[in-house]
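Raw contents of data-v5.txt, compact mmCIF, C-alpha atoms:
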# COMPACT_ATOMS: atom_id res chain seq x y z
CA MET A 1 32.38 8.23 -9.90
CA LYS A 2 33.18 5.93 -12.78
CA PRO A 3 30.25 4.31 -14.56
CA ALA A 4 31.37 0.85 -13.48
CA LEU A 5 31.34 1.95 -9.85
CA ILE A 6 27.92 3.53 -10.28
CA LEU A 7 26.58 0.28 -11.67
CA ALA A 8 28.17 -1.65 -8.84
CA ALA A 9 26.54 0.70 -6.36
CA LEU A 10 23.19 0.31 -8.08
CA LEU A 11 23.38 -3.42 -7.70
CA LEU A 12 23.33 -2.91 -3.97
CA PHE A 13 20.11 -0.93 -4.26
CA ALA A 14 18.23 -3.36 -6.47
CA VAL A 15 14.90 -4.23 -4.93
CA PRO A 16 12.02 -6.34 -6.15
CA ALA A 17 9.08 -5.06 -8.11
CA ILE A 18 7.16 -4.00 -5.07
CA ALA A 19 3.49 -3.46 -5.52
CA HIS A 20 0.31 -4.67 -4.02
CA HIS A 21 0.94 -8.13 -2.69
CA SER A 22 3.24 -10.12 -0.49
CA PHE A 23 6.42 -10.83 -2.37
CA SER A 24 7.84 -13.11 0.22
CA ALA A 25 4.83 -15.36 -0.33
CA GLU A 26 5.48 -15.73 -4.02
CA PHE A 27 9.20 -15.31 -4.49
CA ASP A 28 12.22 -16.65 -2.66
CA ILE A 29 14.84 -14.08 -1.77
CA ASN A 30 17.28 -16.93 -1.26
CA LYS A 31 16.92 -17.95 -4.90
CA PRO A 32 18.25 -15.15 -7.08
CA VAL A 33 18.03 -15.88 -10.79
CA LYS A 34 19.87 -14.47 -13.77
CA VAL A 35 18.97 -15.53 -17.29
CA THR A 36 19.95 -14.35 -20.76
CA GLY A 37 17.75 -14.78 -23.76
CA LYS A 38 15.69 -13.15 -26.46
CA LEU A 39 12.89 -10.89 -25.37
CA SER A 40 9.80 -12.54 -26.83
CA SER A 41 7.18 -10.08 -25.64
CA MET A 42 6.32 -7.51 -23.04
CA ARG A 43 2.97 -7.08 -21.39
CA TRP A 44 2.32 -3.47 -20.36
CA SER A 45 -0.39 -4.42 -17.94
CA ASN A 46 -1.46 -3.59 -14.41
CA PRO A 47 -1.06 -4.19 -11.55
CA HIS A 48 2.26 -5.45 -12.91
CA ALA A 49 3.95 -5.45 -16.25
CA TRP A 50 5.56 -8.70 -17.44
CA ILE A 51 8.59 -9.33 -19.60
CA TYR A 52 8.83 -12.69 -21.36
CA ILE A 53 12.24 -14.01 -22.32
CA ASP A 54 13.05 -17.12 -24.35
CA VAL A 55 16.01 -18.79 -22.71
CA GLU A 56 17.73 -21.62 -24.56
CA THR A 57 19.43 -24.30 -22.51
CA ASP A 58 20.85 -27.46 -24.13
CA GLY A 59 18.77 -26.88 -27.25
CA LYS A 60 15.53 -26.49 -25.34
CA VAL A 61 13.80 -23.12 -25.12
CA VAL A 62 12.04 -22.15 -21.93
CA THR A 63 10.04 -18.92 -21.74
CA TRP A 64 10.68 -17.09 -18.50
CA ALA A 65 8.18 -14.57 -17.16
CA PHE A 66 9.68 -11.65 -15.26
CA GLU A 67 7.31 -9.53 -13.22
CA THR A 68 7.98 -5.82 -12.80
CA ALA A 69 6.37 -2.85 -11.07
CA THR A 70 3.17 -1.35 -12.46
CA ALA A 71 3.19 -0.22 -16.06
CA ASN A 72 2.73 3.32 -14.75
CA ALA A 73 5.83 3.09 -12.59
CA LEU A 74 7.90 1.89 -15.54
CA TYR A 75 6.52 4.68 -17.69
CA ARG A 76 7.39 7.31 -15.08
CA ARG A 77 10.94 5.95 -14.90
CA GLY A 78 11.34 6.40 -18.62
CA TRP A 79 10.58 2.92 -19.95
CA ARG A 80 9.03 2.98 -23.41
CA LYS A 81 7.71 0.26 -25.64
CA GLU A 82 10.24 1.01 -28.35
CA ASP A 83 13.13 0.41 -25.96
CA LEU A 84 12.28 -3.26 -25.66
CA GLU A 85 11.74 -4.73 -29.09
CA PRO A 86 11.07 -8.46 -29.44
CA GLY A 87 14.22 -10.31 -30.36
CA THR A 88 16.48 -8.11 -28.26
CA VAL A 89 18.92 -10.18 -26.26
CA VAL A 90 18.58 -9.19 -22.63
CA THR A 91 19.83 -10.42 -19.30
CA ALA A 92 17.23 -10.39 -16.58
CA GLU A 93 17.90 -10.63 -12.87
CA GLY A 94 15.51 -11.19 -10.04
CA TRP A 95 14.16 -13.73 -7.60
CA HIS A 96 12.74 -17.11 -8.50
CA ALA A 97 9.13 -18.05 -7.77
CA ARG A 98 8.71 -20.38 -4.82
CA ASN A 99 6.70 -22.80 -6.97
CA GLY A 100 9.70 -23.48 -9.19
CA SER A 101 8.03 -22.32 -12.41
CA PRO A 102 10.11 -20.17 -14.78
CA THR A 103 8.75 -17.03 -13.15
CA ALA A 104 10.68 -14.34 -11.34
CA ASN A 105 10.34 -10.98 -9.73
CA THR A 106 12.58 -8.56 -11.56
CA SER A 107 15.33 -6.42 -10.16
CA SER A 108 16.86 -5.34 -13.46
CA ILE A 109 17.06 -5.94 -17.19
CA THR A 110 20.41 -5.45 -18.95
CA LEU A 111 20.37 -4.45 -22.61
CA PRO A 112 22.92 -5.58 -25.20
CA ASP A 113 24.96 -2.38 -24.82
CA GLY A 114 25.27 -2.93 -21.09
CA ARG A 115 22.71 -0.47 -19.85
CA ARG A 116 20.55 -1.68 -16.98
CA LEU A 117 16.88 -0.91 -16.71
CA PHE A 118 15.65 -1.12 -13.17
CA ALA A 119 12.28 -2.70 -12.83
CA GLY A 120 11.67 -2.87 -9.12
CA SER A 121 10.02 -0.29 -7.00
CA ALA A 122 12.09 2.54 -5.63
CA PRO A 123 11.30 3.15 -1.96
CA ASN A 124 12.13 6.79 -2.53
CA GLU A 125 9.08 7.16 -4.74
CA GLY A 126 7.09 10.03 -3.39
CA GLY A 127 10.17 11.92 -2.40
CA ALA A 128 10.42 15.59 -3.10
CA PRO A 129 10.59 16.26 -6.84
CA ARG A 130 14.08 16.87 -8.08
CA MET B 131 16.72 9.29 -25.86
CA MET B 132 18.50 6.28 -24.43
CA THR B 133 20.91 8.46 -22.52
CA ARG B 134 17.98 10.30 -21.04
CA LEU B 135 16.32 7.01 -20.23
CA PHE B 136 19.44 5.74 -18.53
CA LEU B 137 19.83 8.89 -16.48
CA ALA B 138 16.18 8.74 -15.47
CA LEU B 139 16.56 5.17 -14.33
CA LEU B 140 19.79 6.00 -12.56
CA VAL B 141 18.14 8.78 -10.59
CA ALA B 142 15.10 6.65 -9.87
CA SER B 143 17.13 3.74 -8.60
CA MET B 144 20.15 5.06 -6.77
CA PRO B 145 18.76 6.34 -3.49
CA ALA B 146 16.51 3.35 -3.00
CA ILE B 147 17.38 1.65 0.25
CA ASP B 148 19.25 4.30 2.17
CA VAL B 149 16.59 6.92 1.56
CA ALA B 150 13.92 4.53 2.76
CA ALA B 151 15.78 4.07 5.99
CA GLN B 152 16.17 7.74 6.74
CA ALA B 153 13.81 10.48 7.72
CA PRO B 154 12.91 12.80 4.85
CA ALA B 155 14.83 16.03 4.68
CA ALA B 156 13.27 18.82 6.66
CA ALA B 157 10.80 20.79 4.61
CA PRO B 158 12.04 24.22 3.71
CA ALA B 159 9.59 26.65 5.18
CA GLY B 160 7.75 28.69 2.65
CA PRO B 161 4.42 30.22 1.78
CA VAL B 162 1.64 27.74 1.19
CA ARG B 163 -0.77 27.92 -1.71
CA ARG B 164 -4.12 29.46 -0.82
CA LEU B 165 -7.56 29.65 -2.33
CA PRO B 166 -9.35 32.98 -2.72
CA ASP B 167 -11.16 32.36 0.58
CA GLY B 168 -7.81 32.18 2.37
CA LYS B 169 -7.93 28.46 3.08
CA PRO B 170 -4.83 26.43 2.21
CA ASP B 171 -5.02 25.04 -1.32
CA LEU B 172 -4.34 21.30 -1.19
CA ASN B 173 -5.25 20.69 -4.83
CA GLY B 174 -2.74 18.75 -6.85
CA PHE B 175 -0.90 15.54 -7.56
CA PHE B 176 0.97 14.12 -4.59
CA GLN B 177 2.68 11.00 -3.37
CA SER B 178 3.72 10.17 0.15
CA ASP B 179 7.38 9.72 1.04
CA HIS B 180 6.18 6.51 2.64
CA GLY B 181 9.50 5.29 3.92
CA GLY B 182 8.53 1.67 3.44
CA ALA B 183 5.33 1.98 5.48
CA ASN B 184 3.51 -0.43 3.18
CA TRP B 185 5.94 -3.11 4.41
CA GLY B 186 6.01 -2.08 8.05
CA LEU B 187 5.01 1.00 10.04
CA GLU B 188 7.77 0.35 12.53
CA ALA B 189 11.40 0.75 11.47
CA HIS B 190 12.53 -2.41 9.72
CA LYS B 191 15.61 -3.63 7.98
CA GLU B 192 15.72 -4.44 4.33
CA THR B 193 14.26 -7.83 3.60
CA PHE B 194 12.57 -8.65 0.34
CA THR B 195 10.94 -5.31 0.00
CA GLY B 196 13.47 -2.78 1.10
CA GLY B 197 13.96 -1.16 4.44
CA GLY B 198 11.67 1.16 6.29
CA ARG B 199 12.59 4.17 8.36
CA GLY B 200 9.63 3.78 10.72
CA VAL B 201 6.83 6.33 10.53
CA ILE B 202 5.41 6.06 14.05
CA ILE B 203 5.81 9.27 16.05
CA ASP B 204 3.72 8.18 19.03
CA PRO B 205 4.16 6.14 21.26
CA PRO B 206 7.67 7.43 21.97
CA ASP B 207 9.21 3.97 21.51
CA LYS B 208 7.89 4.03 17.92
CA LYS B 209 6.32 0.59 18.31
CA LEU B 210 2.71 -0.34 17.65
CA PRO B 211 1.07 -0.93 21.05
CA TYR B 212 -0.47 -4.28 20.17
CA GLN B 213 -2.69 -6.31 22.41
CA PRO B 214 -1.30 -9.87 22.59
CA TRP B 215 -3.96 -11.46 20.35
CA ALA B 216 -3.40 -8.85 17.67
CA ALA B 217 0.36 -9.25 17.78
CA ALA B 218 -0.17 -12.95 17.18
CA GLU B 219 -2.51 -12.22 14.29
CA ARG B 220 0.02 -9.85 12.78
CA ALA B 221 2.73 -12.50 13.01
CA SER B 222 0.42 -15.00 11.34
CA ARG B 223 -0.41 -12.62 8.51
CA ASN B 224 3.25 -12.19 7.71
CA ARG B 225 3.63 -15.87 6.85
CA PRO B 226 3.79 -16.73 3.12
CA GLU B 227 0.55 -18.72 3.18
CA ARG B 228 -1.31 -15.64 4.46
CA GLY B 229 -0.22 -13.41 1.55
CA TYR B 230 -3.42 -14.36 -0.24
CA ASP B 231 -5.44 -12.80 2.60
CA ASP B 232 -4.22 -9.23 2.06
CA PRO B 233 -7.25 -7.53 0.48
CA THR B 234 -5.05 -5.41 -1.78
CA ALA B 235 -3.76 -8.62 -3.39
CA HIS B 236 -7.34 -9.02 -4.60
CA CYS B 237 -7.31 -5.40 -5.81
CA PHE B 238 -9.50 -4.10 -3.03
CA VAL B 239 -8.87 -0.53 -2.00
CA GLY B 240 -6.23 -0.02 0.68
CA GLY B 241 -8.49 1.56 3.28
CA VAL B 242 -7.60 4.31 5.73
CA PRO B 243 -4.88 5.29 6.35
CA ARG B 244 -3.11 2.77 4.07
CA SER B 245 -4.35 4.40 0.86
CA LEU B 246 -2.09 7.34 1.65
CA TYR B 247 1.09 5.28 1.89
CA VAL B 248 0.74 2.54 -0.68
CA PRO B 249 3.44 3.27 -3.23
CA ALA B 250 1.12 5.05 -5.62
CA PRO B 251 0.21 8.70 -6.10
CA VAL B 252 -2.97 10.51 -5.16
CA HIS B 253 -4.66 13.50 -6.72
CA ILE B 254 -6.36 15.84 -4.24
CA PHE B 255 -9.36 17.88 -5.29
CA GLN B 256 -10.63 20.51 -2.89
CA THR B 257 -13.76 22.62 -2.84
CA ALA B 258 -15.48 24.56 -0.09
CA GLU B 259 -17.75 21.56 0.58
CA ALA B 260 -15.45 18.59 0.18
CA VAL B 261 -11.96 17.26 -0.31
CA VAL B 262 -11.67 14.28 -2.63
CA PHE B 263 -8.75 11.89 -2.77
CA LEU B 264 -8.36 10.13 -6.10
CA HIS B 265 -6.01 7.19 -5.68
CA GLU B 266 -4.18 5.91 -8.71
CA ARG B 267 -5.27 2.37 -8.00
CA MET B 268 -8.69 3.53 -9.11
CA ALA B 269 -10.25 4.23 -5.76
CA TRP B 270 -11.48 7.40 -4.17
CA ARG B 271 -12.48 8.89 -0.87
CA LEU B 272 -14.74 11.88 -0.40
CA VAL B 273 -14.28 13.91 2.76
CA SER B 274 -17.32 16.00 3.54
CA LEU B 275 -16.57 19.43 4.98
CA SER B 276 -20.22 20.23 5.60
CA ARG B 277 -21.70 17.12 7.23
CA LYS B 278 -21.48 16.99 11.00
CA GLU B 279 -22.54 13.41 11.77
CA HIS B 280 -21.18 10.13 10.56
CA LEU B 281 -23.20 7.58 8.66
CA PRO B 282 -25.27 5.08 10.67
CA ASP B 283 -23.14 2.60 12.54
CA THR B 284 -24.54 -0.25 10.48
CA LEU B 285 -22.98 1.11 7.28
CA ARG B 286 -19.44 -0.22 6.94
CA LEU B 287 -17.09 0.76 4.13
CA TRP B 288 -13.60 -0.07 2.92
CA GLN B 289 -12.67 3.62 3.02
CA GLY B 290 -14.94 4.39 5.94
CA ASP B 291 -16.88 7.60 6.32
CA SER B 292 -14.76 10.74 6.44
CA ILE B 293 -15.76 14.15 7.79
CA GLY B 294 -13.34 17.04 7.65
CA ARG B 295 -12.90 20.47 9.15
CA TRP B 296 -10.28 23.20 9.04
CA GLU B 297 -8.39 24.09 12.18
CA GLY B 298 -6.14 26.97 11.21
CA ASP B 299 -4.15 25.77 8.21
CA THR B 300 -4.64 22.09 9.06
CA LEU B 301 -7.33 19.95 7.48
CA ILE B 302 -8.50 17.49 10.11
CA VAL B 303 -10.32 14.41 8.83
CA GLU B 304 -12.10 11.98 11.12
CA THR B 305 -12.91 8.56 9.65
CA LYS B 306 -15.23 6.00 11.18
CA ASN B 307 -17.49 3.25 9.79
CA LEU B 308 -14.53 1.21 8.55
CA ASN B 309 -15.35 -2.38 7.67
CA GLY B 310 -12.41 -3.91 9.52
CA LYS B 311 -11.35 -5.97 6.51
CA SER B 312 -8.33 -3.89 5.53
CA TRP B 313 -4.76 -4.66 6.44
CA LEU B 314 -2.53 -1.71 7.31
CA ASN B 315 0.24 -3.01 5.05
CA GLU B 316 1.58 -6.12 3.36
CA VAL B 317 3.06 -7.51 6.56
CA GLY B 318 -0.38 -7.51 8.10
CA ASP B 319 -0.52 -4.76 10.69
CA VAL B 320 -4.03 -4.84 12.11
CA ILE B 321 -6.95 -2.42 12.14
CA SER B 322 -10.50 -3.32 13.11
CA HIS B 323 -13.99 -2.03 12.38
CA ALA B 324 -13.91 -0.20 15.72
CA ALA B 325 -11.12 2.14 14.67
CA THR B 326 -11.37 5.88 14.49
CA VAL B 327 -8.72 7.45 12.31
CA VAL B 328 -7.96 11.15 12.65
CA GLU B 329 -5.77 12.51 9.87
CA ARG B 330 -4.11 15.90 9.79
CA PHE B 331 -3.03 17.50 6.52
CA THR B 332 -0.82 20.53 7.17
CA PRO B 333 0.81 22.26 4.21
CA VAL B 334 4.31 23.40 5.09
CA ASN B 335 5.19 25.00 1.79
CA ALA B 336 3.80 25.19 -1.73
CA ASP B 337 4.73 21.61 -2.58
CA ARG B 338 4.66 19.62 0.65
CA ILE B 339 1.97 18.58 3.08
CA THR B 340 2.77 17.00 6.43
CA TYR B 341 0.46 14.02 6.84
CA GLN B 342 -0.36 12.55 10.22
CA ALA B 343 -2.81 9.81 11.10
CA THR B 344 -3.82 8.85 14.63
CA VAL B 345 -5.46 5.45 14.96
CA THR B 346 -7.60 4.75 18.01
CA ASP B 347 -8.63 1.11 17.95
CA LEU B 348 -8.99 -0.37 21.41
CA ASN B 349 -10.04 -3.73 19.96
CA VAL B 350 -6.50 -4.14 18.71
CA TYR B 351 -4.20 -1.75 20.55
CA THR B 352 -3.67 -0.70 24.14
CA ARG B 353 -3.57 2.98 23.27
CA PRO B 354 -3.83 5.32 20.26
CA TRP B 355 -0.83 5.66 17.98
CA THR B 356 0.23 8.16 15.32
CA ILE B 357 2.21 8.00 12.10
CA GLU B 358 3.67 10.89 10.12
CA MET B 359 5.09 11.29 6.63
CA PRO B 360 5.26 14.04 4.02
CA LEU B 361 3.10 14.20 0.92
CA ASN B 362 5.17 15.70 -1.87
CA ARG B 363 3.79 17.33 -4.99
CA GLN B 364 4.76 15.29 -8.04
CA PRO B 365 5.33 16.11 -11.69
CA GLY B 366 2.99 14.62 -14.23
CA GLU B 367 -0.56 13.60 -13.66
CA MET B 368 -2.77 10.71 -12.64
CA LEU B 369 -2.79 7.67 -14.87
CA GLU B 370 -4.75 4.48 -14.23
CA VAL B 371 -3.85 1.23 -12.58
CA ALA B 372 -6.51 -1.25 -13.61
CA CYS B 373 -5.54 -3.74 -10.95
CA LEU B 374 -7.97 -6.42 -12.09
CA GLU B 375 -6.64 -6.32 -15.61
CA ASP B 376 -3.89 -8.85 -15.23
CA ASN B 377 -3.60 -9.82 -11.59
CA GLN B 378 -1.60 -12.99 -12.13
CA ASP B 379 -0.17 -12.84 -8.64
CA LEU B 380 -3.43 -13.75 -7.04
CA GLN B 381 -3.33 -17.29 -8.42
CA HIS B 382 0.28 -17.63 -7.31
CA LEU B 383 -0.63 -16.52 -3.80
CA LYS B 384 -3.57 -18.92 -3.75
CA ASP B 385 -1.28 -21.75 -4.83
CA VAL B 386 1.04 -20.99 -1.91
CA ARG B 387 -1.88 -20.99 0.50
CA ASP B 388 -3.42 -24.16 -0.91
CA GLU B 389 -0.12 -26.01 -0.81
CA PHE B 390 0.31 -25.03 2.82
CA ARG B 391 -3.18 -26.25 3.61
CA ARG B 392 -2.59 -29.56 1.85
CA ASN B 393 0.63 -30.11 3.74
CA ASN B 394 -0.96 -29.29 7.08
CA SER B 395 -4.31 -31.00 6.78
CA LYS B 396 -3.10 -34.52 7.49
Would it be possible to restate this file's structure as structure tokens?
Amino acid sequence: MKPALILAALLLFAVPAIAHHSFSAEFDINKPVKVTGKLSSMRWSNPHAWIYIDVETDGKVVTWAFETATANALYRRGWRKEDLEPGTVVTAEGWHARNGSPTANTSSITLPDGRRLFAGSAPNEGGAPR
Amino acid sequence: MMTRLFLALLVASMPAIDVAAQAPAAAPAGPVRRLPDGKPDLNGFFQSDHGGANWGLEAHKETFTGGGRGVIIDPPDKKLPYQPWAAAERASRNRPERGYDDPTAHCFVGGVPRSLYVPAPVHIFQTAEAVVFLHERMAWRLVSLSRKEHLPDTLRLWQGDSIGRWEGDTLIVETKNLNGKSWLNEVGDVISHAATVVERFTPVNADRITYQATVTDLNVYTRPWTIEMPLNRQPGEMLEVACLEDNQDLQHLKDVRDEFRRNNSK
């Protein structure tokens, strides 16, 4: 399978950063968001990690907060601090908070070279080790 | 490094939804690990192939949280045998303004049996006297293998009181004294303080345990019901999830609830 097709297939499998609370209460699946901006910081915290992205629109900068799975889950999927340096231009996709604030639940982060880092929970977690 | 990272993420992400919707592959039969006394050795780092149980024990289509294959093996229709009041409560809990009421949103422990199918691993320690479950969300449960009677009825606990015994190669754990505050998952499946949960841990090979839990709770259901899923040995080791460290979601969930109350109090 060509890489482009793999990525297209992965898009179909993107799921929110499932964890310990009701996502439908906080985020609106009917409001997908996609923003591009400079990564300002990342918070490797629990029960969720957070990625903050400065998004400039019409000369005004708004800092978006993208929630991901637990820091542990990201670590086990290969995420490392050095992969996400402040200043990196990233495109983040997810679902907008119901309260309209610049907050979202993350499905993926795309790096400048096109690679996508998946931030949501994988329902296959706990499957037999490969 | 980045290639490795990408491949890791690719593997972690690809099977997401379709795997959740399907039954796990049959376990290849094989010798189980044993302790010197001949008992099965359950020690190790495991995670359940939960099949979306934390977002519905019954089979459910993908919504916001991915699909679920359904983990109920009894009753035969694979539906929870709710009493009418409890079905109504479950429907209420699944509304956005009730998200704040899920105890795990406040970082309380998941309870029994939910702790085994929240999407987080568990480390099992086993001795001749006890089996201890260490849950990554910084909770534990000790199963006594020597005590014969449960704690006094007045003592009520999030994880209940668990007593275990071996029956052949199956560890059978009976849990009572639950506090009735837990939800069975994020969509609000119901369990009360009157429940008795009987879990069966049966190793089927060196790296897989078949997990079953039978819930008898006649306050809530018309008959007992049973779920089943595999626990698979995992690479790596237990880390920590300090849930209270940065639980920003709780305020968001409270805002949703408070807004609902404001809009419906007039």
Residue contacts of Phe66 (chain A) (7 Å, only C-alpha atoms) excluding same-chain residues fewer than 4 positions away, as a PyMOL selection string: chain A and resi 50-52+103-106
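Our summary of the geometry notes that CA of Asp231 (chain B) is positioned 12.4 Å from CA of Leu314 (chain B).
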Shell around Trp64 (chain A) at 10 Å using only C-alpha atoms, local window under 2 positions removed, as a PyMOL selection string: chain A and resi 35-37+39-40+50-55+61-62+66-67+92+101-104
Between CA of Lys191 (chain B) and CA of Arg353 (chain B) - distance in Å to one decimal: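 Distance reported for this atom pair: 25.4 Å.
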Answer as a PyMOL selection string, residues within 12 Å of (13.9, 20.7, 7.6) using only C-alpha atoms: chain B and resi 153-160+334-335+338+340+360
Please produce a file of those selected residues containing C-alpha atoms, as an mmCIF file, keeping the file's coordinate frame.
data_model
loop_
_atom_site.group_PDB
_atom_site.id
_atom_site.type_symbol
_atom_site.label_atom_id
_atom_site.label_comp_id
_atom_site.auth_asym_id
_atom_site.auth_seq_id
_atom_site.Cartn_x
_atom_site.Cartn_y
_atom_site.Cartn_z
ATOM 1 C CA ALA B 153 13.810 10.480 7.720
ATOM 2 C CA PRO B 154 12.910 12.800 4.850
ATOM 3 C CA ALA B 155 14.830 16.030 4.680
ATOM 4 C CA ALA B 156 13.270 18.820 6.660
ATOM 5 C CA ALA B 157 10.800 20.790 4.610
ATOM 6 C CA PRO B 158 12.040 24.220 3.710
ATOM 7 C CA ALA B 159 9.590 26.650 5.180
ATOM 8 C CA GLY B 160 7.750 28.690 2.650
ATOM 9 C CA VAL B 334 4.310 23.400 5.090
ATOM 10 C CA ASN B 335 5.190 25.000 1.790
ATOM 11 C CA ARG B 338 4.660 19.620 0.650
ATOM 12 C CA THR B 340 2.770 17.000 6.430
ATOM 13 C CA PRO B 360 5.260 14.040 4.020
#
Atomic separation - CA of Ile202 (chain B) relative to CA of Glu316 (chain B), Å: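 One can read the CA of Glu316 (chain B) to CA of Ile202 (chain B) distance as 16.7 Å.
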For Val371 (chain B): contacts at 10 Å, only C-alpha atoms, fewer than 3 positions along chain excluded, given as a PyMOL selection string: (chain A and resi 45-48+70-73) or (chain B and resi 250+265-269+368+374-375)
Contacts of Thr88 (chain A) at 8 Å (only C-alpha atoms; same-chain gap of 5+ positions) as a ChimeraX atom specification: /A:38-39,111-112
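The nearest approach to Ser245 (chain B) among the residues B:Pro282, B:Pro226, B:Gly290, B:Pro354, with all atoms listed in the file taken into account, belongs to B:Gly290.
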Spatial sel., origin (7.5, -24.0, -8.3), limit 12 Å, all atoms listed in the file, listed as a PDB file with C-alpha atoms, keeping the file's coordinate frame:
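Below you can see result39.pdb, which holds the result:
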ATOM      1  CA  GLU A  26       5.480 -15.730  -4.020  1.00  0.00           C
ATOM      2  CA  PHE A  27       9.200 -15.310  -4.490  1.00  0.00           C
ATOM      3  CA  ASP A  28      12.220 -16.650  -2.660  1.00  0.00           C
ATOM      4  CA  LYS A  31      16.920 -17.950  -4.900  1.00  0.00           C
ATOM      5  CA  HIS A  96      12.740 -17.110  -8.500  1.00  0.00           C
ATOM      6  CA  ALA A  97       9.130 -18.050  -7.770  1.00  0.00           C
ATOM      7  CA  ARG A  98       8.710 -20.380  -4.820  1.00  0.00           C
ATOM      8  CA  ASN A  99       6.700 -22.800  -6.970  1.00  0.00           C
ATOM      9  CA  GLY A 100       9.700 -23.480  -9.190  1.00  0.00           C
ATOM     10  CA  SER A 101       8.030 -22.320 -12.410  1.00  0.00           C
ATOM     11  CA  PRO A 102      10.110 -20.170 -14.780  1.00  0.00           C
ATOM     12  CA  THR A 103       8.750 -17.030 -13.150  1.00  0.00           C
ATOM     13  CA  ALA A 104      10.680 -14.340 -11.340  1.00  0.00           C
TER      14      ALA A 104
ATOM     15  CA  HIS B 382       0.280 -17.630  -7.310  1.00  0.00           C
ATOM     16  CA  LEU B 383      -0.630 -16.520  -3.800  1.00  0.00           C
ATOM     17  CA  ASP B 385      -1.280 -21.750  -4.830  1.00  0.00           C
ATOM     18  CA  VAL B 386       1.040 -20.990  -1.910  1.00  0.00           C
ATOM     19  CA  GLU B 389      -0.120 -26.010  -0.810  1.00  0.00           C
TER      20      GLU B 389
END
Test item: residues at most 12 Å from Asn349 (chain B), only C-alpha atoms, excluding those fewer than 6 positions along its chain, as a list in words: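 In the requested format, the answer is Pro211, Tyr212, Gln213, Pro214, Trp215, Ala216, Ala217, Gly310, Val320, Ile321, Ser322, His323, Ala324, Ala325 and Thr326 of chain B.
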Proximity to chain B - best of A:Gly87, A:Gly78, A:Gly94, A:Gly114, only C-alpha atoms: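 Selected residue with least distance to chain B: A:Gly78.
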Of the listed residues A:Ala25, A:Leu74, A:Val89, A:Leu117, that which approaches Arg43 (chain A) most closely, counting only C-alpha atoms: A:Leu74
Residue nearest Thr91 (chain A) - candidates A:Ala69, A:Gly59, A:Arg77, A:Lys34, atoms counted: only C-alpha atoms: A:Lys34
